[in-house]
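First up is the structure itself, then whatever we jot down about it.
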Amino acid sequence: MTQLVSISSTLLYAAFVLYLIATVFFAGSIKSKKHTNQTGKNKWASIAIIITITGFISQLGYFITRWIAAGHAPVSNLFEFITFFGMMLVAAFIIIYFIYRTHVLGVFALPIALLVIAYSSMFPRDVSPLIPALQSDWLAIHVSTVAAGEAILAVSFVAGLIYLLKDVDLTRRGKQRFWLEAVLFSLVIVVGFIVSTTAGSLAGYETEFSYINPEEQTETAQFALPALVVPHQAELLTEGQFATSLEMPAIVNASRLNTVLWSILTGTALYVILRLVTRKSISALLQPLVKRVNLNLMDEIGYRSILIGFPVFTLGGLVFAMIWAQIAWTRFWGWDPKEVWALITWLFYAAFLHLRLSKGWEGNRSAWLAVIGFAIIMFNLVAVNLIIAGLHSYA
């Protein structure tokens, strides 16, 4: 099993490197029209999509070998789920690329996939037996369908972001310019998460607390970064380590919230440094890449992605989830935080389709809704999973 896990990790790393190389080639494809063959196909883009497909096959190999090593579908914890989400995002991009042949989509979709995979690598990667609550065939059915649906919806975010970078006038101050930069700043926060957790890991930092959980039982919690917040009724067990007196309620996972806070601080520092060095906003740095973008095409890609992703998410996030909940917990619905946010996500995209079809919300409005929808998905993935305790906390 150890050898298979090692092979799977190597395949995932190879996929990451290949996606990075493909991004460079896609960027080259939109900056030059000179490198085309007699049929008018862009050679840079052709090489880029071949590398992307090779990377996807490598990541698929990771998924299969890890499944064999674990003896169950590798979607049972945050590392496995997020890497699968990244793989589905790349798969959705590849399919849409061959439909529309839009090179610029790769310049933005692949970096998002890279951030997702890098983000997942910060969580424990050990292969462990399934806890009793997850020992069901519905694990693979429910979780993989949710990830696939969210990945397709993520493509609408990429298309919407490209649309806004082209459409929003960055020379004028306004709400749209501010919020577009805020969206890009949130992506830098993900980089901040990767940097801060990597630094803590390399430094070997660890602080341990005892605390009272929501069931009024005493447990211990490990912090991998200096404690800006502490658990409910916490007692510091590691002498000499830094800890504030800001105590969290029992429902909040203080250790993971602490990591989120450090991610925000680190990401903010990185953003400020980038602004000082380049003297430009991130939006202004990226805007030259979208000069040749067809806005109508981006609008269509975003809309069609939601048309496909919404029913897939409905199956995985609601239908399959309720069936499994009935089997596991003898009820179709509860008010667990994860269930509530799945419903909020579903209602938002249902409202998107309603506004699009009945109110004619296209173009700029549609792009903003796609961006907001992805923000809801990310809040569910990051904040709900990391901070709020619930029945899904094992993930």
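Scheme for the structure tokens: letters A, B, ... for chains in order shown; per-chain residue numbers from 1; ligand numbers from 1 in order shown.
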- Message: Using only C-alpha atoms, which protein or nucleic acid residues come within 10 Å of Trp324 in chain A? Drop anything in the same chain fewer than 6 positions from it, and give the result as a PyMOL selection string.
- Response: chain A and resi 134+136-139+141-142+318+330-332
- Task: Can you check which residues of range 278-344 of chain A DSSP gives as alpha helix (DSSP H) on the backbone and send them as a PyMOL selection string?
- Result: chain A and resi 278+282-286+295-313+320-329+337-344
All residues 6 Å or closer to range 258-261 of chain A, only C-alpha atoms, same chain fewer than 3 positions away omitted, as a PDB file with N, CA, C and O atoms, in the first residue's frame:
```pdb
ATOM      1  N   LEU A 228      -3.883  32.902  17.319  1.00  0.00           N
ATOM      2  CA  LEU A 228      -4.536  34.209  17.370  1.00  0.00           C
ATOM      3  C   LEU A 228      -5.877  34.107  18.078  1.00  0.00           C
ATOM      4  O   LEU A 228      -6.373  35.085  18.630  1.00  0.00           O
ATOM      5  N   VAL A 229      -6.483  32.924  18.030  1.00  0.00           N
ATOM      6  CA  VAL A 229      -7.708  32.610  18.768  1.00  0.00           C
ATOM      7  C   VAL A 229      -7.500  31.265  19.454  1.00  0.00           C
ATOM      8  O   VAL A 229      -6.677  30.463  19.016  1.00  0.00           O
ATOM      9  N   ALA A 254     -11.570  26.298  16.506  1.00  0.00           N
ATOM     10  CA  ALA A 254     -10.622  27.398  16.699  1.00  0.00           C
ATOM     11  C   ALA A 254      -9.303  27.158  15.967  1.00  0.00           C
ATOM     12  O   ALA A 254      -8.693  28.111  15.451  1.00  0.00           O
ATOM     13  N   SER A 255      -8.855  25.914  15.896  1.00  0.00           N
ATOM     14  CA  SER A 255      -7.593  25.604  15.227  1.00  0.00           C
ATOM     15  C   SER A 255      -7.664  25.963  13.745  1.00  0.00           C
ATOM     16  O   SER A 255      -6.760  26.596  13.186  1.00  0.00           O
ATOM     17  N   ILE A 264      -5.458  35.045   5.839  1.00  0.00           N
ATOM     18  CA  ILE A 264      -5.893  36.394   5.483  1.00  0.00           C
ATOM     19  C   ILE A 264      -4.754  37.393   5.698  1.00  0.00           C
ATOM     20  O   ILE A 264      -4.482  38.248   4.844  1.00  0.00           O
TER      21      ILE A 264
END
```
- Query: What gap, in Å, lies between CA of Phe93 in chain A and CA of Val312 in chain A?
  - Reply: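 Calculated distance between CA of Phe93 in chain A and CA of Val312 in chain A is 15.9 Å.
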- Which residues come within 9 Å of range 75-88 of chain A, counting only C-alpha atoms, excluding same-chain residues fewer than 6 positions away, as JSON, numbers by chain? {"A": [12, 56, 59, 60, 63, 112, 113, 114, 115, 116, 117, 118, 119, 120, 121, 122, 123, 124, 125, 130, 134, 139, 140, 143, 144, 146, 147, 148, 149, 150, 151, 152, 381, 385, 394, 395]}
Can you write just those residues out, C-alpha atoms, as a PDB file, in the first residue's frame?
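That gives us selection07.pdb:
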```
ATOM      1  CA  LEU A  12      -0.512  14.243  -8.531  1.00  0.00           C
ATOM      2  CA  PHE A  56      -5.401  15.199 -16.420  1.00  0.00           C
ATOM      3  CA  GLN A  59      -4.169  13.099 -12.026  1.00  0.00           C
ATOM      4  CA  LEU A  60      -6.650  10.400 -13.001  1.00  0.00           C
ATOM      5  CA  PHE A  63      -7.072   8.993  -8.237  1.00  0.00           C
ATOM      6  CA  ILE A 112      -7.689  28.155 -10.479  1.00  0.00           C
ATOM      7  CA  ALA A 113      -7.175  24.371 -10.658  1.00  0.00           C
ATOM      8  CA  LEU A 114      -3.556  24.848  -9.534  1.00  0.00           C
ATOM      9  CA  LEU A 115      -4.682  26.901  -6.536  1.00  0.00           C
ATOM     10  CA  VAL A 116      -7.258  24.236  -5.665  1.00  0.00           C
ATOM     11  CA  ILE A 117      -4.703  21.413  -5.799  1.00  0.00           C
ATOM     12  CA  ALA A 118      -2.118  23.433  -3.851  1.00  0.00           C
ATOM     13  CA  TYR A 119      -4.793  24.281  -1.279  1.00  0.00           C
ATOM     14  CA  SER A 120      -5.662  20.595  -0.856  1.00  0.00           C
ATOM     15  CA  SER A 121      -2.030  19.653  -0.262  1.00  0.00           C
ATOM     16  CA  MET A 122      -2.047  21.635   2.987  1.00  0.00           C
ATOM     17  CA  PHE A 123      -4.378  19.078   4.607  1.00  0.00           C
ATOM     18  CA  PRO A 124      -3.362  15.650   6.003  1.00  0.00           C
ATOM     19  CA  ARG A 125      -2.679  13.262   3.102  1.00  0.00           C
ATOM     20  CA  LEU A 130     -13.228   4.956   6.660  1.00  0.00           C
ATOM     21  CA  LEU A 134     -18.675   6.905   5.661  1.00  0.00           C
ATOM     22  CA  LEU A 139     -19.848   8.078  -0.366  1.00  0.00           C
ATOM     23  CA  ALA A 140     -18.559   7.827  -3.937  1.00  0.00           C
ATOM     24  CA  VAL A 143     -19.407  13.268  -3.015  1.00  0.00           C
ATOM     25  CA  SER A 144     -18.169  12.711  -6.573  1.00  0.00           C
ATOM     26  CA  VAL A 146     -21.219  17.170  -5.803  1.00  0.00           C
ATOM     27  CA  ALA A 147     -17.599  17.789  -6.823  1.00  0.00           C
ATOM     28  CA  ALA A 148     -18.400  17.345 -10.513  1.00  0.00           C
ATOM     29  CA  GLY A 149     -21.342  19.744 -10.312  1.00  0.00           C
ATOM     30  CA  GLU A 150     -19.333  22.373  -8.447  1.00  0.00           C
ATOM     31  CA  ALA A 151     -16.442  22.005 -10.913  1.00  0.00           C
ATOM     32  CA  ILE A 152     -18.729  22.690 -13.885  1.00  0.00           C
ATOM     33  CA  LEU A 381     -15.747  24.518   1.058  1.00  0.00           C
ATOM     34  CA  ASN A 385     -15.663  22.876   6.452  1.00  0.00           C
ATOM     35  CA  TYR A 394     -14.986  14.543   9.781  1.00  0.00           C
ATOM     36  CA  ALA A 395     -14.322  15.852   6.271  1.00  0.00           C
TER      37      ALA A 395
END
```
- Query: At what distance in Å, to one decimal, does CA of Ala203 in chain A lie from CA of Thr238 in chain A?
  - Reply: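 Taking CA of Thr238 in chain A and CA of Ala203 in chain A, their separation equals 16.0 Å.
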- Note on the structure: One residue among A:Phe242, A:Phe352, A:Phe193, A:Tyr13 is nearest to Arg365 in chain A when using only C-alpha atoms, and that residue is A:Phe352
- Message: If I take CA of Val127 in chain A and CA of Thr10 in chain A, how far is one from the other in Å, to one decimal?
- Response: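 It comes out at 15.0 Å.
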- Write out as a PyMOL selection string each polymer residue whose atoms come within 10 Å of Leu289 in chain A, counting only C-alpha atoms; drop sequence neighbours fewer than 4 positions from it. chain A and resi 27-28+30-31+104+107-108+162+165-166+284-285+293
If we count only C-alpha atoms and set the cut-off at 12 Å, which residues sit around Met322 in chain A, ignoring sequence neighbours fewer than 3 positions away in its own chain? Please answer as a CSV table (one decimal) with N, CA and C atoms, in the first residue's frame.
```csv
chain,number,residue,atom,x,y,z
A,138,TRP,N,-22.7,5.1,-1.0
A,138,TRP,CA,-23.2,6.5,-1.3
A,138,TRP,C,-22.1,7.5,-1.1
A,142,HIS,N,-22.5,10.3,-3.8
A,142,HIS,CA,-22.8,11.6,-3.4
A,142,HIS,C,-21.7,12.6,-3.6
A,314,THR,N,-27.6,19.5,-8.2
A,314,THR,CA,-28.8,19.1,-7.6
A,314,THR,C,-28.9,17.7,-7.3
A,315,LEU,N,-28.4,16.8,-8.2
A,315,LEU,CA,-28.4,15.4,-7.9
A,315,LEU,C,-27.5,15.1,-6.7
A,316,GLY,N,-26.2,15.6,-6.8
A,316,GLY,CA,-25.3,15.2,-5.8
A,316,GLY,C,-25.5,15.9,-4.4
A,317,GLY,N,-25.8,17.2,-4.5
A,317,GLY,CA,-25.9,18.0,-3.3
A,317,GLY,C,-27.2,17.9,-2.5
A,318,LEU,N,-28.2,17.5,-3.2
A,318,LEU,CA,-29.6,17.5,-2.6
A,318,LEU,C,-30.2,16.0,-2.7
A,319,VAL,N,-30.4,15.5,-3.9
A,319,VAL,CA,-31.1,14.2,-4.0
A,319,VAL,C,-30.3,13.1,-3.4
A,325,ALA,N,-28.6,10.5,3.8
A,325,ALA,CA,-28.9,11.0,5.1
A,325,ALA,C,-30.0,10.1,5.7
A,326,GLN,N,-31.0,9.7,4.9
A,326,GLN,CA,-32.0,8.9,5.4
A,326,GLN,C,-31.5,7.5,5.8
A,327,ILE,N,-30.5,7.0,5.0
A,327,ILE,CA,-29.9,5.7,5.4
A,327,ILE,C,-29.0,5.8,6.6
A,328,ALA,N,-28.2,6.9,6.7
A,328,ALA,CA,-27.2,7.0,7.8
A,328,ALA,C,-27.8,7.5,9.1
A,329,TRP,N,-28.7,8.5,8.9
A,329,TRP,CA,-29.2,9.2,10.1
A,329,TRP,C,-30.7,9.1,10.3
A,330,THR,N,-31.4,8.3,9.5
A,330,THR,CA,-32.8,8.1,9.5
A,330,THR,C,-33.6,9.4,9.4
A,331,ARG,N,-33.1,10.3,8.7
A,331,ARG,CA,-33.9,11.5,8.3
A,331,ARG,C,-33.3,12.1,7.0
A,332,PHE,N,-34.2,12.6,6.2
A,332,PHE,CA,-33.8,13.2,4.9
A,332,PHE,C,-33.1,14.5,5.0
A,333,TRP,N,-33.5,15.3,6.0
A,333,TRP,CA,-33.0,16.6,6.2
A,333,TRP,C,-32.8,17.0,7.6
A,334,GLY,N,-31.7,17.7,7.9
A,334,GLY,CA,-31.4,18.3,9.2
A,334,GLY,C,-30.9,19.7,8.9
A,339,GLU,N,-25.4,21.1,5.2
A,339,GLU,CA,-26.7,20.9,4.5
A,339,GLU,C,-27.3,22.2,4.2
A,342,ALA,N,-25.4,23.9,1.3
A,342,ALA,CA,-25.8,23.2,0.1
A,342,ALA,C,-27.1,23.7,-0.5
A,343,LEU,N,-28.1,23.9,0.4
A,343,LEU,CA,-29.4,24.4,0.0
A,343,LEU,C,-29.2,25.9,-0.5
```
- Which neighbours of range 221-224 of chain A fall inside 6 Å, counting only C-alpha atoms, when residues of the same chain fewer than 5 positions from it are skipped, and could you give them as a list in words? Gly200, Tyr205, Glu206, Thr207, Glu208, Phe209 and Ser255 of chain A
- Note on the structure: Counting only C-alpha atoms, closest pick from A:Ser210, A:Thr54, A:Thr23, A:Asn364 relative to Asp169 in chain A is A:Asn364
